[in-house]
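Structure first, then comments.
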Amino acid sequence: MNGLAMKDMDWKGNWRNITTNYSHWLSFILLMVVAIIVSPAFLSWNNLTNLFVQGSVVGICAMGMSLIISAVMIDLSVGSSVALLSGLGVLVLNSTHSLTLTILFCMGGGMIVGLVNGLLVTKGRIAPFIVTLATMSAWRSVINQLGQGGPFTVDNTMYTRFRNIAAGRFLGVPHLMIFLILISFVTAMLMSKTKFGTYVYAVGSNQQAARLSGIHVNRVKTLIFVYAGTLYGLAAFLLASRLTSIQAASAGSGYEMDAIAAVAIGGTSMDGGKGKILGTFLGVLMLRIINTVLIMANVPPFLNGLVTGVIIIVAVLAQSTKKGR
Amino acid sequence: MILEMKNIVKTFGPVEALKDVSFTTQPGEIHGLLGENGAGKTTLMNVLAGTFPPDSGAIVIDGNVVGGMTPAKANTLKIRFIHQELNLCNDLSVYQNMFLGEEYAKHAWKVDKHRELEHAQKVLDSMNSGIKATTVVGELDTAQKQMVEIARALLFSSELIIMDEPTTALNNREIMKLFAIMENLKKEGVTFIYISHKMPEIFHICDRYTVLRDGAFIQSGDIRDIDDHKATELLVGKRFVQAHIKDGITTTISDEVVLKATALQGKTFRNVSFSLHPGEIVVFTGLQGSGTDELATSLFGATELEKGTIETKRGPLNLKDIRTVMRSGIAMIPRNRKERGILPDLNIRTNNSLAYLVAKHKSLLVNQRKEHDRFERSRKRMNIRVRGDLDPITSLSGGNQQKVILSRWLEITADVYIMDNPTQGIDVGAKFAIYKLVVELAATGKAVLFFTSEYPEIQQLADRCVVLYKGEVAAQLSRAEISEVTIMEYSTGTHRGNLE
């Protein structure tokens with residue numbers, strides 16, 4: 001092979017690297033440009049922070065989903081888990097009148113929810129898809145039974161203080177935005193700076209090789225679900241605070257799909273091994289931007305799903321150049 | 001069929017698998033394709049069978065250039081490829097496997113089961129295989145599966161049959177049966193391309209030969225014109241035949257016992273006992289199915305041991321958990337790098353430090369600078385050729401990937417290194433780099449358990465060689481007793497006795 005051809009290939013390779021490694025940035029910027037063209041008002045502080053506020057609860061769930069998908073697993077139980085934990089969280093709040101106990105309950109309950117998924121996957125040797133399909137159905141049923149069709153409503157004594165957690169602002173920045181950024185940052189650090197993060201990618205990349213390197217694959221998988229479950233608990237707490245009334249039948253429904261979509265748009269491969277936490281973060285925002293742009297452009301809201309679907313496919317196609325050769 | 005392959009070039013990323021290879025076969029000949037692992041034999045045959053296209057070069061059949069070869073096209077041209085790894089669906093029956101993709105149709109959509117069964121059984125009987133066409137493939141042993149693969153090629157009248165290591169799982173009697181079938185078909189004008197590492201088989205069955213080395217054509221000719229020694233020389237190249245890695249390095253094997261295995265038993269082996277001393281390289285060898293594969297993983301706790309104990313300097317070894325085994329001073333470089341070694345999505349640096357992180361790294365946090373320094377030391381020591389350690393490991397050639405895997409295990413500074421076919425599928429240069437490293441390791445007082453089926457490796461490395469046959473230790477040979485013939489005899493079960 002002559003030098004010129006080599007160079008040419010390198011250049012192509014680099015370009016391909018850029019498009020696959022930074023595809024989430026490319027699509028994000030593209031969407032921002034579209035949004036600004038549709039409506040310059042898009043750039044207002046209010047609107048921008050709104051993206052974060054609306055994306056916060058799903059976004060926190062999506063951080064857990066990033067880990068799960070990086071290890072070639074899936075979790076369909078996100079929405080039901082959030083509904084269960086937020087419904088019960090309201091009950092705890094109403095009976096204890098303690099914010100601390102409520103958040104501890106939600107996150108602790110989330111850990112247990114995650115542990116159940118994790119143990120069924122690892123000890124039970126059942127595919128994550130099936131396990132979480134079952135828990136999705138189970139948790140929704142439990143919370144429906146407890147709610148008996150009615151909502152879980154925060155009573156008056158705690159209403160203002162509780163609602164302020166989600167609705168409040170710190171130095172003009174909405175709390176929900178801070179939560180989303182904080183959790184994204186923590187997750188990003190967990191994945192890039194710790195042994196655990198390395199193990200997650202190792203398990204997702206080649207489970208057999210990971211095991212033969214001494215990694216406790218089952219323990220890692222269980223911990224991933226526990227981490228994700230804890231985040232669902234936090235998301236449930238924030239959801240309850242934001243809505244102050246949880247409908248057992250509908251709360252959190254569709255969260256798993258939004259979370260998976262955010263992860264996929266963000267450039268994390270469904271084949272595992274490669275996760276991009278920042279990508280998921282941008283993915284969450286992109287879903288919100290799409291939504292906002294469609295509203296601003298007066299597109300009928302029923303078409304929102306169609307547009308989101310097309311964008312998911314386009315975003316993933318743009319990233320798929322590398323793997324399937 | 002007259003087959004000519006002209007100037008075939010094939011690259012995989014940075015690896016030149018075939019460098020301008022040309023090759024011709026005549027009708028009714030058995031043509032031995034010789035070369036070490038990684039010489040390009042299988043790649044060349046994959047090009048011929050249309051598994052992937054060559055970068056350049058032509059396939060000419062009976063004077064006509066065949067462009068755009070695909071597996072389906074190869075079938076219609078009556079070319080059959082019996083792969084080394086078995087391509088059978090375990091849940092389907094023998095005849096269903098044999099007709100897979102080429103079913104006899106009764107109507108447009110219905111398979112003519114009766115006709116398939118009859119035909120399949122006829123072929124199986126003609127091979128004296130004793131296999132029933134209705135048996136589910138999963139119930140057959142490896143040798144029988146291999147017979148089914150061969151039967152599949154015989155099902156339709158083929159003009160060219162490629163056999164890639166067809167005898168690895170067969171015993172002598174079965175090999176002779178196979179050869180008889182081949183001789184018969186040869187008389188009918190069928191051409192065979194026969195790939196094997198076993199020289200006696202090549203000399204027994206082949207008419208002509210072609211040697212490949214490092215992806216390049218070396219020589220073709222009449223098999224009667226060369227002998228064993230000449231063939232080896234062609235295979236490995238003169239420079240390496242003369243290289244004796246152990247020369248010049250003096251290793252003292254001490255009497256201390258670093259690992260003692262007593263009466264080990266697994267699914268495919270039993271009653272295996274041995275002890276290992278610092279500075280010693282013990283090679284375990286055996287044909288496929290002899291139990292060496294499972295033994296290697298069992299010693300590391302990766303497969304469960306049914307019976308037996310292993311003791312190290314630090315007491316009895318707990319084999320329940322790989323991490324504990326690692327911390328007890330045992331490392332294992334697994335076979336089959338792609339499946340068990342590399343983490344393809346991760347970068348070189350992380351691939352290098354994984355075992356260290358697991359076994360030695362105390363903190364929960366990972367310091368990327370330190371990991372980089374760690375890799376740099378290995379890179380210099382083993383001469384690993386990389387652009388940067390943040391590149392994906394898959395950007396490296398096979399040999400360099402394997403060096404990274406070795407380096408991964410050197411990082412945990414073990415007492416005992418189990419190396420399970422560590423030179424599988426890498427080029428000759430990288431192989432020798434690894435041999436050198438193994439010898440150096442031993443010289444620093446480490447014990448090495450080296451699993452291989454390649455004789456040159458045994459001869460290069462072994463202080464002692466344990467030969468397994470049908471799951472039992474057939475012989476423990478000292479370095480002086482090692483020869484290709486003895487090892488072949490013990491591993492094929494033709495030489496019994498000498499058991500202590």
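Residue numbers start at 1 in each chain; chains themselves are named A, B, ... in the order of the structure tokens; ligands are numbered from 1 in the order shown.
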Might you pull out every residue within 12 Å of Asn46 of chain B, with only C-alpha atoms counted and same-chain residues fewer than 5 positions away left off, and present them as a list in words?
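So, after excluding close chain neighbours, the residues are Ile8, Lys10, Ala17, Leu18, Gly40, Lys41, Thr51, Phe52, Pro53, Pro54, Met69, Thr70, Pro71, Ala74, Ile79, Arg80, Phe81, Ile82, His83, Gln84, Ile162, Met163 and Asp164 of chain B.
Residues with any atom within 9 Å of segment 431-438 of chain B, counting only C-alpha atoms and excluding same-chain neighbours fewer than 3 positions away, are Phe240, Ile245, Lys246, Ile281, Met382, Asn383, Gly399, Gln402, Lys403, Leu406, Pro422, Thr423, Gln424, Ile426, Asp427, Val428, Leu441, Ala442, Ala443, Val448, Glu457, Gln460 and Leu461 of chain B.
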Hey, can you spit out that residue selection with C-alpha atoms as a PDB file, in the first residue's frame?
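The file below, part28.pdb, is the result:
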ATOM      1  CA  PHE B 240      13.545 -20.044  13.048  1.00  0.00           C
ATOM      2  CA  ILE B 245      15.233 -19.727  22.516  1.00  0.00           C
ATOM      3  CA  LYS B 246      16.261 -21.570  25.596  1.00  0.00           C
ATOM      4  CA  ILE B 281       8.087 -24.553  31.972  1.00  0.00           C
ATOM      5  CA  MET B 382       7.503  -6.466  25.033  1.00  0.00           C
ATOM      6  CA  ASN B 383       7.914  -4.142  22.091  1.00  0.00           C
ATOM      7  CA  GLY B 399       0.188 -10.483  17.724  1.00  0.00           C
ATOM      8  CA  GLN B 402      -1.919 -10.918  22.379  1.00  0.00           C
ATOM      9  CA  LYS B 403       1.075  -9.092  23.816  1.00  0.00           C
ATOM     10  CA  LEU B 406       0.067 -11.177  28.251  1.00  0.00           C
ATOM     11  CA  PRO B 422      -1.244 -18.173  23.762  1.00  0.00           C
ATOM     12  CA  THR B 423       0.141 -18.121  20.239  1.00  0.00           C
ATOM     13  CA  GLN B 424      -3.062 -19.114  18.489  1.00  0.00           C
ATOM     14  CA  ILE B 426      -0.667 -14.795  15.497  1.00  0.00           C
ATOM     15  CA  ASP B 427       2.260 -14.298  13.161  1.00  0.00           C
ATOM     16  CA  VAL B 428       5.590 -16.022  13.532  1.00  0.00           C
ATOM     17  CA  LEU B 441       9.642 -15.358  32.918  1.00  0.00           C
ATOM     18  CA  ALA B 442      10.880 -18.781  33.889  1.00  0.00           C
ATOM     19  CA  ALA B 443      14.377 -17.430  34.279  1.00  0.00           C
ATOM     20  CA  VAL B 448       4.781 -21.618  33.520  1.00  0.00           C
ATOM     21  CA  GLU B 457       6.355 -24.848  20.703  1.00  0.00           C
ATOM     22  CA  GLN B 460      11.186 -24.789  21.988  1.00  0.00           C
ATOM     23  CA  LEU B 461       9.879 -24.337  25.482  1.00  0.00           C
TER      24      LEU B 461
END
Tell me, in Å to one decimal, how far atom CA of Thr244 of chain A is from atom CA of Thr100 of chain A.
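Distance between the two atoms: 16.5 Å.
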Please measure the separation of atom CA of Ser157 of chain B and atom CA of Leu185 of chain B, giving the value in Å to one decimal.
9.8 Å
Once you count only C-alpha atoms, what closest atom pair and distance in Å to one decimal does each residue of chain B within 9 Å of chain A have, with rows by chain and rising residue number, as JSON lines?
{"residue": "B:Phe300", "atom": "CA", "partner": "A:Leu212", "partner_atom": "CA", "distance": 8.7}
{"residue": "B:Ala302", "atom": "CA", "partner": "A:Leu212", "partner_atom": "CA", "distance": 6.9}
{"residue": "B:Asp321", "atom": "CA", "partner": "A:Gly214", "partner_atom": "CA", "distance": 7.9}
{"residue": "B:Ile322", "atom": "CA", "partner": "A:Gly214", "partner_atom": "CA", "distance": 5.1}
{"residue": "B:Arg323", "atom": "CA", "partner": "A:Gly214", "partner_atom": "CA", "distance": 4.5}
{"residue": "B:Thr324", "atom": "CA", "partner": "A:Gly214", "partner_atom": "CA", "distance": 8.2}
{"residue": "B:Val325", "atom": "CA", "partner": "A:Gly214", "partner_atom": "CA", "distance": 8.6}
{"residue": "B:Met326", "atom": "CA", "partner": "A:Gly214", "partner_atom": "CA", "distance": 7.3}
{"residue": "B:Ala331", "atom": "CA", "partner": "A:Ser213", "partner_atom": "CA", "distance": 9.0}
{"residue": "B:Met332", "atom": "CA", "partner": "A:Leu212", "partner_atom": "CA", "distance": 8.0}
{"residue": "B:Ile333", "atom": "CA", "partner": "A:Leu212", "partner_atom": "CA", "distance": 8.8}
{"residue": "B:Pro334", "atom": "CA", "partner": "A:Leu212", "partner_atom": "CA", "distance": 7.7}
{"residue": "B:Arg337", "atom": "CA", "partner": "A:Ala209", "partner_atom": "CA", "distance": 8.7}
{"residue": "B:Lys338", "atom": "CA", "partner": "A:Ala209", "partner_atom": "CA", "distance": 8.8}
{"residue": "B:Glu339", "atom": "CA", "partner": "A:Ala209", "partner_atom": "CA", "distance": 7.0}
{"residue": "B:Arg340", "atom": "CA", "partner": "A:Ala209", "partner_atom": "CA", "distance": 4.3}
{"residue": "B:Gly341", "atom": "CA", "partner": "A:Ala209", "partner_atom": "CA", "distance": 5.1}
{"residue": "B:Ile342", "atom": "CA", "partner": "A:Ala209", "partner_atom": "CA", "distance": 6.4}
{"residue": "B:Leu343", "atom": "CA", "partner": "A:Asn206", "partner_atom": "CA", "distance": 5.3}
{"residue": "B:Pro344", "atom": "CA", "partner": "A:Ser205", "partner_atom": "CA", "distance": 6.2}
{"residue": "B:Asp345", "atom": "CA", "partner": "A:Gly273", "partner_atom": "CA", "distance": 5.4}
{"residue": "B:Leu346", "atom": "CA", "partner": "A:Gly273", "partner_atom": "CA", "distance": 7.1}
{"residue": "B:Thr350", "atom": "CA", "partner": "A:Thr198", "partner_atom": "CA", "distance": 7.7}
{"residue": "B:Asn351", "atom": "CA", "partner": "A:Ala202", "partner_atom": "CA", "distance": 8.7}
{"residue": "B:Leu354", "atom": "CA", "partner": "A:Ser213", "partner_atom": "CA", "distance": 6.8}
{"residue": "B:Ala355", "atom": "CA", "partner": "A:Ser213", "partner_atom": "CA", "distance": 5.2}
{"residue": "B:Tyr356", "atom": "CA", "partner": "A:Ser213", "partner_atom": "CA", "distance": 8.9}
{"residue": "B:Leu357", "atom": "CA", "partner": "A:Lys195", "partner_atom": "CA", "distance": 6.9}
{"residue": "B:Val358", "atom": "CA", "partner": "A:Gly214", "partner_atom": "CA", "distance": 6.2}
{"residue": "B:Ala359", "atom": "CA", "partner": "A:Gly214", "partner_atom": "CA", "distance": 7.4}
{"residue": "B:His361", "atom": "CA", "partner": "A:Lys195", "partner_atom": "CA", "distance": 8.8}
{"residue": "B:Ser363", "atom": "CA", "partner": "A:Lys195", "partner_atom": "CA", "distance": 8.3}
{"residue": "B:Leu364", "atom": "CA", "partner": "A:Thr194", "partner_atom": "CA", "distance": 5.6}
{"residue": "B:Leu365", "atom": "CA", "partner": "A:Thr194", "partner_atom": "CA", "distance": 4.3}
{"residue": "B:Val366", "atom": "CA", "partner": "A:Thr194", "partner_atom": "CA", "distance": 5.2}
{"residue": "B:Asn367", "atom": "CA", "partner": "A:Lys193", "partner_atom": "CA", "distance": 7.3}
{"residue": "B:Gln368", "atom": "CA", "partner": "A:Lys193", "partner_atom": "CA", "distance": 8.0}
{"residue": "B:Arg408", "atom": "CA", "partner": "A:Ser213", "partner_atom": "CA", "distance": 8.9}
{"residue": "B:Trp409", "atom": "CA", "partner": "A:Ser213", "partner_atom": "CA", "distance": 8.7}
Convert the current residue selection to file output with N, CA, C and O atoms, as a short mmCIF file (atom, residue, chain, number, x, y, z; two decimals), in the first residue's frame.
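Listed below is the output, out26.cif:
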data_model
loop_
_atom_site.label_atom_id
_atom_site.label_comp_id
_atom_site.auth_asym_id
_atom_site.auth_seq_id
_atom_site.Cartn_x
_atom_site.Cartn_y
_atom_site.Cartn_z
N PHE B 300 -7.63 -22.68 36.85
CA PHE B 300 -7.77 -21.26 37.16
C PHE B 300 -9.11 -20.97 37.84
O PHE B 300 -9.42 -19.83 38.16
N ALA B 302 -11.96 -21.36 36.40
CA ALA B 302 -12.94 -20.86 35.44
C ALA B 302 -13.95 -21.94 35.06
O ALA B 302 -15.04 -21.63 34.61
N ASP B 321 -13.59 -19.04 43.08
CA ASP B 321 -13.68 -17.67 42.60
C ASP B 321 -12.37 -17.27 41.91
O ASP B 321 -11.29 -17.38 42.48
N ILE B 322 -12.48 -16.82 40.67
CA ILE B 322 -11.29 -16.49 39.88
C ILE B 322 -10.44 -15.43 40.56
O ILE B 322 -9.21 -15.51 40.57
N ARG B 323 -11.10 -14.45 41.17
CA ARG B 323 -10.34 -13.36 41.80
C ARG B 323 -9.46 -13.91 42.93
O ARG B 323 -8.31 -13.48 43.08
N THR B 324 -10.01 -14.84 43.70
CA THR B 324 -9.22 -15.45 44.78
C THR B 324 -8.02 -16.21 44.20
O THR B 324 -6.92 -16.14 44.73
N VAL B 325 -8.26 -16.91 43.11
CA VAL B 325 -7.17 -17.65 42.46
C VAL B 325 -6.08 -16.68 42.02
O VAL B 325 -4.88 -16.91 42.24
N MET B 326 -6.50 -15.56 41.46
CA MET B 326 -5.52 -14.56 41.01
C MET B 326 -4.70 -14.05 42.20
O MET B 326 -3.49 -13.89 42.11
N ALA B 331 -1.97 -16.77 37.37
CA ALA B 331 -2.49 -15.96 36.27
C ALA B 331 -2.81 -16.89 35.11
O ALA B 331 -2.17 -17.92 34.96
N MET B 332 -3.80 -16.54 34.32
CA MET B 332 -4.07 -17.37 33.15
C MET B 332 -4.29 -16.53 31.90
O MET B 332 -5.18 -15.70 31.84
N ILE B 333 -3.46 -16.78 30.91
CA ILE B 333 -3.68 -16.19 29.60
C ILE B 333 -4.58 -17.17 28.86
O ILE B 333 -4.19 -18.28 28.55
N PRO B 334 -5.84 -16.77 28.60
CA PRO B 334 -6.79 -17.73 28.04
C PRO B 334 -6.55 -18.00 26.56
O PRO B 334 -5.91 -17.19 25.88
N ARG B 337 -8.14 -15.61 21.86
CA ARG B 337 -8.04 -14.20 22.24
C ARG B 337 -9.32 -13.43 21.99
O ARG B 337 -9.77 -12.65 22.82
N LYS B 338 -9.93 -13.66 20.84
CA LYS B 338 -11.10 -12.88 20.46
C LYS B 338 -12.26 -13.14 21.41
O LYS B 338 -12.96 -12.24 21.82
N GLU B 339 -12.46 -14.41 21.74
CA GLU B 339 -13.60 -14.76 22.57
C GLU B 339 -13.35 -14.51 24.05
O GLU B 339 -14.23 -14.11 24.77
N ARG B 340 -12.14 -14.81 24.49
CA ARG B 340 -11.89 -14.81 25.92
C ARG B 340 -10.89 -13.78 26.39
O ARG B 340 -10.76 -13.54 27.59
N GLY B 341 -10.15 -13.19 25.47
CA GLY B 341 -9.07 -12.31 25.91
C GLY B 341 -9.41 -10.84 25.83
O GLY B 341 -9.48 -10.16 26.84
N ILE B 342 -9.65 -10.37 24.62
CA ILE B 342 -9.76 -8.92 24.48
C ILE B 342 -11.16 -8.41 24.82
O ILE B 342 -12.14 -9.13 24.70
N LEU B 343 -11.18 -7.16 25.27
CA LEU B 343 -12.44 -6.45 25.46
C LEU B 343 -12.50 -5.48 24.30
O LEU B 343 -11.87 -4.42 24.34
N PRO B 344 -13.20 -5.86 23.24
CA PRO B 344 -13.03 -5.15 21.97
C PRO B 344 -13.43 -3.68 22.00
O PRO B 344 -12.93 -2.90 21.22
N ASP B 345 -14.34 -3.29 22.89
CA ASP B 345 -14.78 -1.90 22.88
C ASP B 345 -13.89 -0.99 23.71
O ASP B 345 -14.01 0.22 23.64
N LEU B 346 -13.00 -1.60 24.49
CA LEU B 346 -12.20 -0.79 25.39
C LEU B 346 -10.85 -0.48 24.77
O LEU B 346 -10.38 -1.17 23.87
N THR B 350 -6.90 0.24 29.07
CA THR B 350 -7.78 -0.46 30.00
C THR B 350 -7.65 -1.97 29.82
O THR B 350 -7.66 -2.73 30.80
N ASN B 351 -7.52 -2.42 28.58
CA ASN B 351 -7.30 -3.84 28.35
C ASN B 351 -6.06 -4.33 29.07
O ASN B 351 -6.01 -5.44 29.56
N LEU B 354 -6.69 -4.30 33.26
CA LEU B 354 -7.89 -4.89 33.87
C LEU B 354 -7.59 -5.85 35.02
O LEU B 354 -8.15 -5.72 36.12
N ALA B 355 -6.68 -6.80 34.79
CA ALA B 355 -6.42 -7.79 35.84
C ALA B 355 -5.79 -7.14 37.06
O ALA B 355 -6.09 -7.50 38.21
N TYR B 356 -4.93 -6.15 36.81
CA TYR B 356 -4.31 -5.44 37.92
C TYR B 356 -5.38 -4.74 38.75
O TYR B 356 -5.38 -4.82 39.99
N LEU B 357 -6.29 -4.05 38.08
CA LEU B 357 -7.36 -3.36 38.79
C LEU B 357 -8.14 -4.33 39.67
O LEU B 357 -8.48 -4.03 40.80
N VAL B 358 -8.40 -5.50 39.13
CA VAL B 358 -9.20 -6.48 39.85
C VAL B 358 -8.44 -7.05 41.05
O VAL B 358 -8.97 -7.10 42.16
N ALA B 359 -7.20 -7.43 40.83
CA ALA B 359 -6.51 -8.20 41.87
C ALA B 359 -5.68 -7.35 42.82
O ALA B 359 -5.51 -7.70 43.98
N HIS B 361 -5.29 -3.47 42.67
CA HIS B 361 -5.59 -2.06 42.88
C HIS B 361 -6.50 -1.89 44.09
O HIS B 361 -7.60 -2.41 44.13
N SER B 363 -7.56 1.16 45.72
CA SER B 363 -8.50 2.27 45.72
C SER B 363 -9.66 2.01 44.76
O SER B 363 -9.54 1.25 43.81
N LEU B 364 -10.79 2.66 45.03
CA LEU B 364 -11.93 2.56 44.13
C LEU B 364 -11.72 3.41 42.88
O LEU B 364 -12.29 3.17 41.85
N LEU B 365 -10.87 4.44 43.03
CA LEU B 365 -10.63 5.33 41.92
C LEU B 365 -9.49 4.83 41.05
O LEU B 365 -8.58 4.16 41.53
N VAL B 366 -9.57 5.13 39.78
CA VAL B 366 -8.52 4.73 38.85
C VAL B 366 -7.77 5.98 38.41
O VAL B 366 -8.38 6.95 37.99
N ASN B 367 -6.45 5.93 38.53
CA ASN B 367 -5.63 7.05 38.11
C ASN B 367 -5.11 6.78 36.70
O ASN B 367 -4.27 5.91 36.48
N GLN B 368 -5.67 7.52 35.72
CA GLN B 368 -5.34 7.24 34.32
C GLN B 368 -3.85 7.41 34.03
O GLN B 368 -3.29 6.67 33.23
N ARG B 408 -1.29 -7.82 30.45
CA ARG B 408 -2.35 -7.72 31.47
C ARG B 408 -2.05 -8.65 32.64
O ARG B 408 -2.22 -8.29 33.80
N TRP B 409 -1.55 -9.83 32.32
CA TRP B 409 -1.33 -10.82 33.38
C TRP B 409 0.02 -10.69 34.04
O TRP B 409 0.19 -11.09 35.19
#
Using DSSP on the backbone coordinates, identify the residues of segment 205-448 of chain B assigned to strand (DSSP E); present them as an MDAnalysis selection string.
chainID B and resid 208:213 216:222 259:265 272:276 281:285 307:312 315:316 330:333 416:420 447:448
Pick from A:Ala83, A:Arg219, A:Asn94, A:Met73, whichever lies nearest to Val131 of chain A using only C-alpha atoms
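Smallest separation from Val131 of chain A among the options: A:Met73.
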Nearest-residue call for Pro200 of chain B, choices B:Glu311, B:Glu454, B:Glu139, B:Asp227, using only C-alpha atoms
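Nearest candidate to Pro200 of chain B out of B:Glu311, B:Glu454, B:Glu139, B:Asp227: B:Asp227.
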At a cut-off of 6 Å, using only C-alpha atoms, what residues contact Asn7 of chain B? Leave out same-chain residues fewer than 5 positions from it and give the result as a VMD selection string.
chain B and resid 20 to 22 57
Interatomic distance between atom CA of Val310 of chain A and atom CA of Ile265 of chain A?
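Going from atom CA of Val310 of chain A over to atom CA of Ile265 of chain A, I get 10.9 Å.
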Taking only C-alpha atoms into account, which of B:Val190, B:Tyr104, B:Leu477, B:Glu36 comes nearest Pro456 of chain B?
B:Glu36
Any idea what's packed within 12 Å of Leu287 of chain A, counting only C-alpha atoms, ignoring anything in its chain fewer than 5 positions away? Could you give it as a PyMOL selection string?
chain A and resi 27-28+31-32+51-52+54-56+58-59+62+257-266+280-282+292-294+304-305+307-312+315
Save out the residues we just selected, N, CA and C atoms, as a compact mmCIF listing (two decimals), in the first residue's frame.
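What follows is the written file again.txt:
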# COMPACT_ATOMS: atom_id res chain seq x y z
N SER A 27 -25.51 15.96 16.56
CA SER A 27 -26.98 16.01 16.48
C SER A 27 -27.54 17.07 17.41
N PHE A 28 -26.88 17.24 18.57
CA PHE A 28 -27.37 18.24 19.53
C PHE A 28 -27.31 19.64 18.92
N LEU A 31 -29.87 20.13 16.20
CA LEU A 31 -31.22 20.35 16.73
C LEU A 31 -31.36 21.77 17.29
N MET A 32 -30.31 22.23 17.97
CA MET A 32 -30.34 23.58 18.53
C MET A 32 -30.53 24.59 17.41
N LEU A 51 -36.10 23.22 29.55
CA LEU A 51 -35.67 21.96 28.95
C LEU A 51 -35.15 21.02 30.04
N PHE A 52 -34.33 21.59 30.93
CA PHE A 52 -33.75 20.79 32.00
C PHE A 52 -34.83 20.35 32.99
N GLN A 54 -38.04 19.96 32.55
CA GLN A 54 -38.91 18.91 32.02
C GLN A 54 -38.18 17.59 31.81
N GLY A 55 -36.89 17.71 31.53
CA GLY A 55 -36.13 16.48 31.27
C GLY A 55 -35.59 15.84 32.53
N SER A 56 -35.70 16.52 33.65
CA SER A 56 -34.98 16.10 34.84
C SER A 56 -35.33 14.69 35.33
N VAL A 58 -37.01 12.08 33.95
CA VAL A 58 -36.63 11.03 33.00
C VAL A 58 -35.11 10.98 32.86
N GLY A 59 -34.49 12.15 32.87
CA GLY A 59 -33.05 12.20 32.68
C GLY A 59 -32.30 11.46 33.77
N ALA A 62 -32.57 7.98 33.03
CA ALA A 62 -31.77 7.62 31.86
C ALA A 62 -30.31 7.39 32.24
N MET A 257 -39.17 4.01 27.90
CA MET A 257 -38.93 4.27 26.48
C MET A 257 -38.17 5.58 26.28
N ASP A 258 -38.55 6.61 27.03
CA ASP A 258 -37.82 7.88 26.92
C ASP A 258 -36.37 7.71 27.35
N ALA A 259 -36.17 6.93 28.42
CA ALA A 259 -34.81 6.73 28.91
C ALA A 259 -33.98 5.99 27.87
N ILE A 260 -34.55 4.92 27.31
CA ILE A 260 -33.81 4.16 26.29
C ILE A 260 -33.53 5.05 25.10
N ALA A 261 -34.53 5.85 24.71
CA ALA A 261 -34.35 6.75 23.56
C ALA A 261 -33.21 7.72 23.82
N ALA A 262 -33.18 8.29 25.04
CA ALA A 262 -32.12 9.25 25.35
C ALA A 262 -30.75 8.59 25.27
N VAL A 263 -30.66 7.37 25.80
CA VAL A 263 -29.38 6.65 25.76
C VAL A 263 -28.97 6.39 24.31
N ALA A 264 -29.94 5.97 23.50
CA ALA A 264 -29.63 5.63 22.11
C ALA A 264 -29.23 6.87 21.32
N ILE A 265 -30.00 7.93 21.45
CA ILE A 265 -29.66 9.16 20.73
C ILE A 265 -28.30 9.67 21.19
N GLY A 266 -28.01 9.46 22.46
CA GLY A 266 -26.76 9.93 23.02
C GLY A 266 -25.54 9.14 22.55
N THR A 280 -25.89 10.66 26.90
CA THR A 280 -27.24 10.46 27.44
C THR A 280 -27.81 11.77 27.93
N PHE A 281 -26.97 12.56 28.59
CA PHE A 281 -27.38 13.87 29.08
C PHE A 281 -27.90 14.72 27.92
N LEU A 282 -27.11 14.75 26.83
CA LEU A 282 -27.55 15.51 25.66
C LEU A 282 -28.79 14.89 25.04
N THR A 292 -40.24 20.75 22.27
CA THR A 292 -40.47 22.20 22.28
C THR A 292 -40.60 22.74 20.87
N VAL A 293 -39.69 22.30 20.01
CA VAL A 293 -39.70 22.80 18.63
C VAL A 293 -41.04 22.47 17.97
N LEU A 294 -41.52 21.26 18.21
CA LEU A 294 -42.78 20.87 17.58
C LEU A 294 -43.92 21.74 18.08
N ASN A 304 -45.71 14.11 17.64
CA ASN A 304 -44.48 14.17 18.42
C ASN A 304 -43.74 12.83 18.39
N GLY A 305 -44.48 11.77 18.64
CA GLY A 305 -43.87 10.43 18.68
C GLY A 305 -43.24 10.04 17.35
N VAL A 307 -42.00 12.05 15.02
CA VAL A 307 -40.76 12.80 14.82
C VAL A 307 -39.64 12.23 15.71
N THR A 308 -39.99 11.99 16.99
CA THR A 308 -38.99 11.43 17.90
C THR A 308 -38.47 10.10 17.34
N GLY A 309 -39.39 9.27 16.87
CA GLY A 309 -38.99 7.97 16.31
C GLY A 309 -38.01 8.12 15.17
N VAL A 310 -38.34 9.04 14.24
CA VAL A 310 -37.46 9.25 13.09
C VAL A 310 -36.09 9.72 13.56
N ILE A 311 -36.08 10.63 14.54
CA ILE A 311 -34.80 11.17 15.01
C ILE A 311 -33.96 10.10 15.69
N ILE A 312 -34.61 9.21 16.45
CA ILE A 312 -33.86 8.12 17.06
C ILE A 312 -33.16 7.30 15.97
N ALA A 315 -30.34 9.25 14.35
CA ALA A 315 -29.19 9.41 15.25
C ALA A 315 -28.41 8.11 15.36
Would you pick out the contacts of Ser93 of chain B at 10 Å or less, using only C-alpha atoms, so that residues sharing its chain but fewer than 4 positions from it are not included, and give the list as a PyMOL selection string?
chain B and resi 88-89+97-98+132-139
